[in-house]
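**Q** The file below is entry.csv, CSV, C-alpha atoms (C1' of nucleotides):
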chain,number,residue,atom,x,y,z
A,1,MET,CA,156.2,160.0,24.9
A,2,PRO,CA,157.4,160.3,28.4
A,3,GLU,CA,154.9,159.4,31.1
A,4,LEU,CA,155.8,158.5,34.7
A,5,PRO,CA,158.0,155.4,34.1
A,6,GLU,CA,160.1,157.1,31.4
A,7,VAL,CA,160.5,160.2,33.5
A,8,GLU,CA,161.5,158.1,36.5
A,9,VAL,CA,164.2,156.5,34.3
A,10,VAL,CA,165.5,159.9,33.5
A,11,ARG,CA,165.4,161.0,37.1
A,12,ARG,CA,167.6,158.1,38.2
A,13,GLY,CA,170.0,158.9,35.4
A,14,LEU,CA,170.1,162.5,36.2
A,15,SER,CA,170.7,161.8,39.9
A,16,ARG,CA,173.6,159.4,39.2
A,17,TRP,CA,175.3,161.9,36.9
A,18,THR,CA,174.8,165.2,38.6
A,19,VAL,CA,174.5,164.9,42.4
A,20,GLY,CA,177.4,166.8,44.0
A,21,SER,CA,178.4,168.6,40.8
A,22,THR,CA,178.5,172.4,40.2
A,23,VAL,CA,177.3,174.3,37.1
A,24,ARG,CA,180.3,175.9,35.4
A,25,ALA,CA,178.4,177.3,32.4
A,26,ALA,CA,174.9,177.4,31.0
A,27,ASP,CA,174.0,178.0,27.4
A,28,VAL,CA,170.5,178.5,26.1
A,29,LEU,CA,170.4,177.9,22.4
A,30,HIS,CA,166.6,178.4,21.9
A,31,PRO,CA,164.4,180.6,24.0
A,32,ARG,CA,161.3,178.5,23.9
A,33,PRO,CA,162.3,175.7,26.3
A,34,VAL,CA,163.0,178.3,29.0
A,35,ARG,CA,159.7,180.3,28.3
A,36,ARG,CA,158.4,179.4,31.8
A,37,HIS,CA,161.4,181.3,33.3
A,38,VAL,CA,159.7,184.7,33.1
A,39,ALA,CA,163.0,186.6,33.9
A,40,GLY,CA,164.3,185.4,30.5
A,41,PRO,CA,167.0,183.1,29.1
A,42,GLU,CA,169.8,185.4,30.2
A,43,ASP,CA,168.7,185.4,33.8
A,44,PHE,CA,168.2,181.6,33.6
A,45,ALA,CA,171.7,181.0,32.5
A,46,VAL,CA,173.4,183.6,34.8
A,47,ARG,CA,171.7,182.2,37.9
A,48,LEU,CA,172.6,178.6,37.2
A,49,VAL,CA,176.3,179.3,37.1
A,50,GLY,CA,177.8,178.3,40.5
A,51,ALA,CA,174.8,176.3,41.6
A,52,ARG,CA,175.5,172.9,43.2
A,53,VAL,CA,173.2,169.8,42.8
A,54,ARG,CA,171.9,168.4,46.0
A,55,GLU,CA,169.4,165.9,44.8
A,56,VAL,CA,167.0,165.1,41.9
A,57,ALA,CA,163.3,164.5,42.7
A,58,ARG,CA,160.1,163.8,40.7
A,59,ARG,CA,156.4,164.0,41.1
A,60,GLY,CA,154.3,162.7,38.2
A,61,LYS,CA,155.9,163.9,35.0
A,62,PHE,CA,157.7,166.8,36.6
A,63,LEU,CA,161.4,166.5,37.6
A,64,TRP,CA,163.4,169.0,39.6
A,65,VAL,CA,167.0,169.4,40.6
A,66,VAL,CA,167.4,170.8,44.1
A,67,LEU,CA,170.2,173.4,44.0
A,68,ASP,CA,172.4,175.1,46.6
A,69,GLY,CA,173.9,178.5,45.9
A,70,VAL,CA,171.5,179.9,43.3
A,71,ALA,CA,172.1,183.6,43.1
A,72,ALA,CA,169.3,185.9,44.4
A,73,GLU,CA,167.0,183.1,45.4
A,74,ASP,CA,164.6,185.7,46.9
A,75,ASP,CA,163.6,186.8,43.5
A,76,LEU,CA,162.5,183.4,42.1
A,77,PRO,CA,158.9,182.6,41.5
A,78,GLY,CA,157.2,181.4,44.7
A,79,ALA,CA,159.9,182.9,47.0
A,80,GLU,CA,157.4,185.3,48.5
A,81,ARG,CA,155.3,182.4,49.8
A,82,PRO,CA,155.5,181.8,53.5
A,83,GLY,CA,158.1,179.2,54.3
A,84,ALA,CA,159.7,179.2,50.9
A,85,GLU,CA,163.3,178.1,51.1
A,86,GLY,CA,165.8,177.1,48.5
A,87,ALA,CA,165.7,176.7,44.7
A,88,ALA,CA,165.2,174.1,42.1
A,89,LEU,CA,165.7,173.6,38.4
A,90,VAL,CA,162.3,172.3,37.2
A,91,VAL,CA,162.4,170.0,34.1
A,92,HIS,CA,159.4,168.8,32.1
A,93,LEU,CA,160.1,166.6,29.1
A,94,GLY,CA,156.8,167.4,27.4
A,95,MET,CA,156.3,165.2,24.4
A,96,SER,CA,159.8,164.9,23.0
A,97,GLY,CA,162.3,166.2,25.6
A,98,GLN,CA,165.4,164.2,26.3
A,99,ILE,CA,168.2,164.7,28.9
A,100,LEU,CA,171.5,163.5,27.5
A,101,PHE,CA,175.1,163.5,28.8
A,102,GLN,CA,177.7,164.0,26.2
A,103,PRO,CA,181.4,164.9,25.9
A,104,PRO,CA,181.5,168.7,25.3
A,105,ASP,CA,183.0,168.3,21.9
A,106,ALA,CA,180.4,165.8,20.7
A,107,ALA,CA,178.5,167.1,17.6
A,108,PRO,CA,175.4,169.1,18.7
A,109,GLU,CA,172.1,167.2,18.3
A,110,ARG,CA,169.7,168.6,15.8
A,111,HIS,CA,167.3,169.8,18.5
A,112,LEU,CA,169.8,170.7,21.2
A,113,ARG,CA,168.2,173.5,23.2
A,114,VAL,CA,170.1,174.0,26.4
A,115,ARG,CA,173.5,172.8,27.6
A,116,LEU,CA,175.0,172.8,31.1
A,117,GLN,CA,178.7,172.3,31.8
A,118,LEU,CA,179.3,170.6,35.1
A,119,ASP,CA,182.3,170.4,37.4
A,120,GLY,CA,182.8,167.7,40.0
A,121,GLY,CA,180.2,165.2,40.9
A,122,PRO,CA,180.8,161.4,40.4
A,123,PRO,CA,184.4,161.0,39.2
A,124,GLU,CA,183.6,158.5,36.5
A,125,ARG,CA,181.1,161.0,35.0
A,126,ALA,CA,183.5,163.9,34.9
A,127,GLY,CA,183.8,165.9,31.7
A,128,ARG,CA,180.4,165.3,30.4
A,129,GLU,CA,177.9,168.0,29.8
A,130,LEU,CA,174.2,167.9,30.3
A,131,ARG,CA,172.1,168.5,27.2
A,132,PHE,CA,168.4,169.2,27.0
A,133,VAL,CA,167.3,168.1,23.5
A,134,ASP,CA,163.7,168.7,22.5
A,135,GLN,CA,162.3,168.5,19.0
A,136,ARG,CA,158.8,169.9,19.6
A,137,MET,CA,159.6,172.1,22.6
A,138,PHE,CA,156.4,171.3,24.6
A,139,GLY,CA,158.7,170.7,27.5
A,140,GLY,CA,161.1,173.0,29.1
A,141,LEU,CA,163.3,174.2,32.0
A,142,THR,CA,162.8,176.9,34.6
A,143,LEU,CA,164.1,178.0,38.0
A,144,ALA,CA,161.8,178.4,41.0
A,145,ALA,CA,161.7,178.5,44.7
A,146,LEU,CA,160.8,175.5,46.8
A,147,VAL,CA,157.5,176.0,48.7
A,148,PRO,CA,156.1,174.0,51.6
A,149,THR,CA,153.4,171.4,50.9
A,150,ALA,CA,150.3,171.0,53.0
A,151,ASP,CA,151.7,168.2,55.0
A,152,ALA,CA,155.0,167.0,56.4
A,153,LEU,CA,155.4,164.0,54.1
A,154,PRO,CA,158.1,163.9,51.4
A,155,ALA,CA,156.9,165.9,48.4
A,156,GLY,CA,157.9,163.4,45.7
A,157,ILE,CA,160.0,160.4,44.7
A,158,GLY,CA,163.7,161.0,45.4
A,159,THR,CA,163.3,163.7,48.0
A,160,ALA,CA,163.1,163.7,51.8
A,161,SER,CA,161.9,167.3,51.8
A,162,ALA,CA,158.3,168.3,52.1
A,163,ALA,CA,158.8,171.2,49.7
A,164,LEU,CA,157.8,171.4,46.0
A,165,PRO,CA,159.0,173.8,43.3
A,166,PHE,CA,156.4,176.6,42.9
A,167,PRO,CA,155.3,175.5,39.4
A,168,VAL,CA,154.7,171.9,40.7
A,169,ALA,CA,152.7,172.8,43.7
A,170,HIS,CA,149.4,172.1,42.1
A,171,ILE,CA,150.4,168.7,40.9
A,172,ALA,CA,148.8,165.7,42.8
A,173,ARG,CA,150.8,162.9,44.2
A,174,ASP,CA,151.5,160.3,41.5
A,175,ALA,CA,150.3,156.7,41.0
A,176,LEU,CA,153.6,155.3,42.5
A,177,ASP,CA,153.9,157.6,45.4
A,178,PRO,CA,153.8,155.6,48.7
A,179,HIS,CA,152.0,158.5,50.3
A,180,LEU,CA,149.2,158.7,47.8
A,181,ASP,CA,145.9,158.7,49.7
A,182,LEU,CA,143.9,156.2,47.7
A,183,ALA,CA,140.6,156.5,49.6
A,184,ASP,CA,140.7,160.3,49.2
A,185,LEU,CA,141.5,160.0,45.5
A,186,VAL,CA,138.6,157.6,44.9
A,187,ARG,CA,136.2,160.1,46.6
A,188,ARG,CA,137.5,163.0,44.6
A,189,MET,CA,137.3,161.1,41.3
A,190,ARG,CA,133.7,160.1,42.0
A,191,ARG,CA,132.7,163.7,42.7
A,192,ARG,CA,133.9,164.7,39.3
A,193,ARG,CA,131.2,164.9,36.6
A,194,THR,CA,133.4,163.7,33.8
A,195,GLY,CA,134.6,160.6,32.0
A,196,VAL,CA,137.0,158.3,33.7
A,197,LYS,CA,139.8,158.8,31.2
A,198,ARG,CA,139.6,162.5,31.6
A,199,ALA,CA,139.9,162.0,35.3
A,200,LEU,CA,143.0,159.8,35.0
A,201,LEU,CA,144.7,162.4,32.8
A,202,ASP,CA,143.9,165.2,35.2
A,203,GLN,CA,147.3,165.8,36.9
A,204,THR,CA,145.6,167.6,39.8
A,205,LEU,CA,143.8,164.4,40.8
A,206,VAL,CA,146.6,161.9,40.4
A,207,SER,CA,149.7,162.6,38.4
A,208,GLY,CA,152.0,160.7,36.0
A,209,VAL,CA,149.3,159.1,33.9
A,210,GLY,CA,149.4,159.9,30.1
A,211,ASN,CA,147.5,158.6,27.1
A,212,ILE,CA,149.3,155.3,26.8
A,213,TYR,CA,149.0,154.1,30.4
A,214,ALA,CA,145.5,155.4,30.8
A,215,ASP,CA,144.4,153.2,27.8
A,216,GLU,CA,146.3,150.2,29.2
A,217,ALA,CA,144.8,150.6,32.7
A,218,LEU,CA,141.3,151.0,31.3
A,219,TRP,CA,141.8,147.9,29.2
A,220,ARG,CA,142.9,145.9,32.2
A,221,ALA,CA,139.9,147.2,34.2
A,222,ARG,CA,137.5,146.6,31.3
A,223,LEU,CA,136.3,150.1,31.5
A,224,HIS,CA,135.2,152.4,28.6
A,225,TYR,CA,137.0,155.7,28.6
A,226,ASP,CA,133.8,157.7,28.7
A,227,ARG,CA,132.2,156.0,31.7
A,228,GLN,CA,131.3,158.8,34.1
A,229,THR,CA,133.4,158.5,37.3
A,230,GLY,CA,130.3,158.8,39.5
A,231,THR,CA,128.8,155.7,38.0
A,232,ILE,CA,131.8,153.5,38.9
A,233,SER,CA,131.8,151.9,42.3
A,234,PRO,CA,134.6,152.8,44.7
A,235,ALA,CA,135.9,149.2,44.5
A,236,ALA,CA,136.1,149.3,40.8
A,237,LEU,CA,137.9,152.6,40.9
A,238,ARG,CA,140.4,151.2,43.4
A,239,GLY,CA,140.8,148.3,41.0
A,240,LEU,CA,141.5,150.7,38.1
A,241,LEU,CA,144.0,152.6,40.1
A,242,GLY,CA,145.7,149.3,41.0
A,243,HIS,CA,146.0,148.6,37.3
A,244,VAL,CA,147.5,152.0,36.8
A,245,GLY,CA,150.2,151.3,39.4
A,246,ASP,CA,150.8,147.8,38.0
A,247,VAL,CA,151.2,148.8,34.4
A,248,MET,CA,153.6,151.7,35.4
A,249,THR,CA,155.6,149.4,37.6
A,250,GLU,CA,156.0,146.9,34.9
A,251,ALA,CA,157.0,149.6,32.4
A,252,LEU,CA,159.5,151.0,34.7
A,253,ALA,CA,161.0,147.6,35.2
A,254,ALA,CA,161.3,147.1,31.5
A,255,GLY,CA,162.9,150.5,31.1
A,256,GLY,CA,165.4,149.6,33.8
A,257,THR,CA,166.5,146.5,32.0
A,258,SER,CA,167.6,148.5,28.9
A,259,PHE,CA,171.3,149.1,28.3
A,260,ASP,CA,171.5,152.8,29.1
A,261,ALA,CA,169.1,154.2,31.6
A,262,LEU,CA,169.7,157.7,30.4
A,263,TYR,CA,168.4,157.1,26.9
A,264,VAL,CA,164.6,157.4,26.5
A,265,ASN,CA,163.4,157.0,23.0
A,266,VAL,CA,160.6,159.5,22.9
A,267,ASN,CA,160.2,159.9,19.2
A,268,GLY,CA,160.5,156.4,17.8
A,269,GLU,CA,159.2,153.1,19.1
A,270,SER,CA,158.8,152.9,22.9
A,271,GLY,CA,161.4,150.2,23.1
A,272,TYR,CA,161.2,147.3,25.4
A,273,PHE,CA,157.8,147.8,27.0
A,274,ASP,CA,155.8,148.4,23.8
A,275,ARG,CA,155.6,144.7,23.1
A,276,THR,CA,153.7,144.4,26.3
A,277,LEU,CA,151.0,146.9,25.4
A,278,ALA,CA,147.5,145.3,25.1
A,279,ALA,CA,145.5,148.2,23.6
A,280,TYR,CA,147.5,151.4,22.9
A,281,GLY,CA,148.7,151.7,19.3
A,282,ARG,CA,147.2,148.4,18.4
A,283,GLU,CA,144.3,149.4,16.1
A,284,GLY,CA,143.0,146.4,14.2
A,285,LEU,CA,145.1,143.9,16.1
A,286,PRO,CA,143.4,141.3,18.3
A,287,CYS,CA,142.6,142.0,21.9
A,288,PRO,CA,144.9,139.8,23.9
A,289,ARG,CA,141.9,138.7,26.0
A,290,CYS,CA,139.1,138.0,23.5
A,291,GLY,CA,140.6,138.4,20.1
A,292,THR,CA,138.3,141.2,18.9
A,293,PRO,CA,140.1,143.8,16.9
A,294,ILE,CA,141.2,146.9,18.9
A,295,ARG,CA,139.5,150.1,17.9
A,296,ARG,CA,141.0,153.6,17.7
A,297,GLU,CA,138.6,156.5,18.4
A,298,ALA,CA,139.2,160.2,18.5
A,299,PHE,CA,138.9,161.5,22.1
A,300,MET,CA,140.1,164.7,23.7
A,301,ASN,CA,141.9,165.8,20.6
A,302,ARG,CA,143.9,162.6,20.6
A,303,SER,CA,143.4,158.8,20.2
A,304,SER,CA,141.9,156.3,22.5
A,305,TYR,CA,142.4,152.6,22.0
A,306,ARG,CA,140.0,150.1,23.4
A,307,CYS,CA,138.5,146.6,22.9
A,308,PRO,CA,135.0,147.1,21.6
A,309,ARG,CA,133.9,143.9,23.4
A,310,CYS,CA,135.7,144.1,26.7
A,311,GLN,CA,135.2,147.8,27.1
A,312,ARG,CA,131.6,148.6,26.2
A,313,PRO,CA,130.3,152.1,25.8
A,314,PRO,CA,128.2,153.4,28.7
A,315,ARG,CA,124.5,153.4,28.3
A,316,ARG,CA,124.3,157.1,28.9
A,317,PRO,CA,127.6,158.4,27.6
A,318,ARG,CA,127.0,162.0,28.7
A,319,GLU,CA,124.9,164.1,30.9
A,320,VAL,CA,123.2,165.6,27.9
A,321,LEU,CA,119.9,164.0,28.7
A,322,ARG,CA,119.5,165.5,32.1
A,323,SER,CA,120.3,169.1,30.9
A,324,SER,CA,118.1,169.0,27.9
A,325,VAL,CA,115.2,167.7,29.9
A,326,ALA,CA,115.6,170.3,32.6
B,327,DC,C1',134.8,176.5,40.9
B,328,DC,C1',134.3,173.1,37.4
B,329,DC,C1',134.5,171.5,32.9
B,330,DG,C1',136.1,171.1,28.2
B,331,DG,C1',138.0,172.8,24.0
B,332,DA,C1',141.7,175.5,21.8
B,333,DT,C1',146.5,176.2,21.7
B,334,DC,C1',151.4,175.8,21.4
B,335,DC,C1',155.5,173.2,18.5
B,336,DT,C1',158.0,170.3,14.7
B,337,DG,C1',158.5,166.4,11.7
B,338,DC,C1',156.7,162.7,9.6
B,339,DT,C1',153.3,160.2,6.8
B,340,DG,C1',149.8,159.5,3.4
B,341,DG,C1',146.4,161.0,0.0
B,342,DC,C1',145.7,163.5,-4.2
C,343,DT,C1',157.0,165.1,-7.7
C,344,DG,C1',154.9,168.6,-4.6
C,345,DC,C1',151.6,170.2,-1.5
C,346,DC,C1',148.7,170.0,2.4
C,347,DA,C1',146.0,167.8,6.0
C,348,DG,C1',146.3,164.9,9.8
C,349,DC,C1',148.6,163.1,13.6
C,350,DA,C1',151.7,162.7,17.6
C,351,DG,C1',150.3,164.7,22.8
C,352,DG,C1',152.2,167.2,27.3
C,353,DA,C1',150.4,171.4,30.2
C,354,DT,C1',148.1,175.6,30.3
C,355,DC,C1',144.9,179.1,29.1
C,356,DC,C1',140.3,180.8,28.6
C,357,DG,C1',135.3,180.9,27.8
C,358,DG,C1',130.9,179.2,29.4
Please express the file's structure as structure tokens.
**A**
Amino acid sequence: MPELPEVEVVRRGLSRWTVGSTVRAADVLHPRPVRRHVAGPEDFAVRLVGARVREVARRGKFLWVVLDGVAAEDDLPGAERPGAEGAALVVHLGMSGQILFQPPDAAPERHLRVRLQLDGGPPERAGRELRFVDQRMFGGLTLAALVPTADALPAGIGTASAALPFPVAHIARDALDPHLDLADLVRRMRRRRTGVKRALLDQTLVSGVGNIYADEALWRARLHYDRQTGTISPAALRGLLGHVGDVMTEALAAGGTSFDALYVNVNGESGYFDRTLAAYGREGLPCPRCGTPIRREAFMNRSSYRCPRCQRPPRRPREVLRSSVA
DNA sequence: CCCGGATCCTGCTGGC
DNA sequence: TGCCAGCAGGATCCGG
């Protein structure tokens, strides 16, 4: 389940393998992963051929490959926006997406969806092809124009440009972005009339946080997932966001220590970092802080893990009281 | 505009 | 042994 740290590991691998290379051929084996490319799989493949990789950037869980020489850039989504310039291949891993580099004659993976043949680039990487493998196909690839952001700061990690791909333009700066405006984020979170975990998972407030790291940060902050954001002090919210950054930084370091930075195990065990998790996936196991068994609860059509002692439910879990009285 | 629930996908697991 | 419900969970869409 790729969240920010896993996606950043993939970004670094992609960058090392592809910067400077040119797409010789593109092959879409299943239409679904390119569904966001409204012009269709054929258009997607045709336009990529001849494109050259300039850099690989990331914001939250979105990756994009900045490309030179994409045919008919003026037709790409977002190209009509004022100041739009250039093109990018946008990659989202969804739940089960992987980027792999393989010899072209290697047996196709069971869930191989898209393959790109590359020419040039780093000499020691020559001859490999890029493969997008995705079992559940929640993720995908698309081509889009780069559009200006509201300010002149770099748009994301790995880019010096202030432009974002059109489909990424609504995504907030992520928890590890040095240009994240923490005070503004705290203000916006407190204005929301919703639970704190919902707010953490809202990619338009702060991006990159998924179910695992949300639960871990809430455990560290001793907060229940359903605490209304407006009832949490600014200092406590800053503390929570500090834990979000810490847990992701630690996870990224653990991913970086593994043998092959390109391999992210998204279907099986999380690998190195999962031994460090305090709450997520630990139903019935003792809380590392107080020993109380961790509880799993259904929340937002998924699971939340918390310590029932360290993370007490709010006194007024919802706003139901107010509306029913009124 | 804001909020929250439904939806899309496939494969695995566990209960009966 | 087979069948089916439940679960995994990203982003997006849509109704209130």
**Q** Output as a ChimeraX atom specification the set of chain A residues within 10 Å of chain C, with distances taken over only C-alpha atoms (C1' of nucleotides).
**A** /A:1-3,61,92-96,138-139,203,210-211,267,301-303
**Q** Please, which residues of chain A lie no more than 10 Å from chain B when the count uses all atoms listed in the file, and can they be set out as a PyMOL selection string?
**A** chain A and resi 32+95+134-139+192-194+198+300-301
**Q** Can you write just those residues out, C-alpha atoms, as an mmCIF file, in the frame of the given file?
**A**
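So again_3.cif came out as:
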data_model
loop_
_atom_site.group_PDB
_atom_site.id
_atom_site.type_symbol
_atom_site.label_atom_id
_atom_site.label_comp_id
_atom_site.auth_asym_id
_atom_site.auth_seq_id
_atom_site.Cartn_x
_atom_site.Cartn_y
_atom_site.Cartn_z
ATOM 1 C CA ARG A 32 161.300 178.500 23.900
ATOM 2 C CA MET A 95 156.300 165.200 24.400
ATOM 3 C CA ASP A 134 163.700 168.700 22.500
ATOM 4 C CA GLN A 135 162.300 168.500 19.000
ATOM 5 C CA ARG A 136 158.800 169.900 19.600
ATOM 6 C CA MET A 137 159.600 172.100 22.600
ATOM 7 C CA PHE A 138 156.400 171.300 24.600
ATOM 8 C CA GLY A 139 158.700 170.700 27.500
ATOM 9 C CA ARG A 192 133.900 164.700 39.300
ATOM 10 C CA ARG A 193 131.200 164.900 36.600
ATOM 11 C CA THR A 194 133.400 163.700 33.800
ATOM 12 C CA ARG A 198 139.600 162.500 31.600
ATOM 13 C CA MET A 300 140.100 164.700 23.700
ATOM 14 C CA ASN A 301 141.900 165.800 20.600
#
**Q** CA of Leu112 in chain A and CA of Val65 in chain A are how many Å apart?
**A** 19.6 Å
**Q** For Gly156 in chain A, please output as an mmCIF file with C-alpha atoms, in the coordinates of the input all residues within 7 Å (counting all atoms listed in the file; exclusion window: fewer than 2 positions along the same chain).
**A**
data_model
loop_
_atom_site.group_PDB
_atom_site.id
_atom_site.type_symbol
_atom_site.label_atom_id
_atom_site.label_comp_id
_atom_site.auth_asym_id
_atom_site.auth_seq_id
_atom_site.Cartn_x
_atom_site.Cartn_y
_atom_site.Cartn_z
ATOM 1 C CA ALA A 57 163.300 164.500 42.700
ATOM 2 C CA ARG A 58 160.100 163.800 40.700
ATOM 3 C CA ARG A 59 156.400 164.000 41.100
ATOM 4 C CA PRO A 154 158.100 163.900 51.400
ATOM 5 C CA GLY A 158 163.700 161.000 45.400
ATOM 6 C CA THR A 159 163.300 163.700 48.000
#
**Q** Could you list, as a PyMOL selection string, every residue within 12 Å of Thr18 in chain A, counting all atoms listed in the file and ignoring same-chain residues fewer than 4 positions away?
**A** chain A and resi 10-14+22-23+51-56+65-67+99-101+116-130
**Q** Set the distance at 8 Å and use only C-alpha atoms (C1' of nucleotides): which residues neighbour Gln311 in chain A once local chain neighbours fewer than 3 positions away are removed? I'd like the list as an MDAnalysis selection string.
**A** chainID A and resid 219 222:224 306:308
**Q** With C-alpha atoms retained, write the just-selected residues as a short mmCIF file (atom, residue, chain, number, x, y, z; two decimals), keeping the file's coordinate frame.
**A**
data_model
loop_
_atom_site.label_atom_id
_atom_site.label_comp_id
_atom_site.auth_asym_id
_atom_site.auth_seq_id
_atom_site.Cartn_x
_atom_site.Cartn_y
_atom_site.Cartn_z
CA TRP A 219 141.80 147.90 29.20
CA ARG A 222 137.50 146.60 31.30
CA LEU A 223 136.30 150.10 31.50
CA HIS A 224 135.20 152.40 28.60
CA ARG A 306 140.00 150.10 23.40
CA CYS A 307 138.50 146.60 22.90
CA PRO A 308 135.00 147.10 21.60
#
**Q** Compile the contact shell of range 270-285 of chain A as a list in words: residues with an atom at most 7 Å away, counting all atoms listed in the file, same-chain residues fewer than 2 positions apart removed.
**A** Ile212, Asp215, Glu216, Trp219, Ala251, Ala254, Gly255, Asn265, Val266, Gly268, Cys287, Pro288, Pro293, Ile294, Arg295, Arg296, Tyr305 and Arg306 of chain A
**Q** Using all atoms listed in the file, can you tell me which of A:Pro148, A:Ala214, A:Pro313, A:Met248 comes closest to Arg227 in chain A?
**A**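 Closest residue, counting all atoms listed in the file: A:Pro313.
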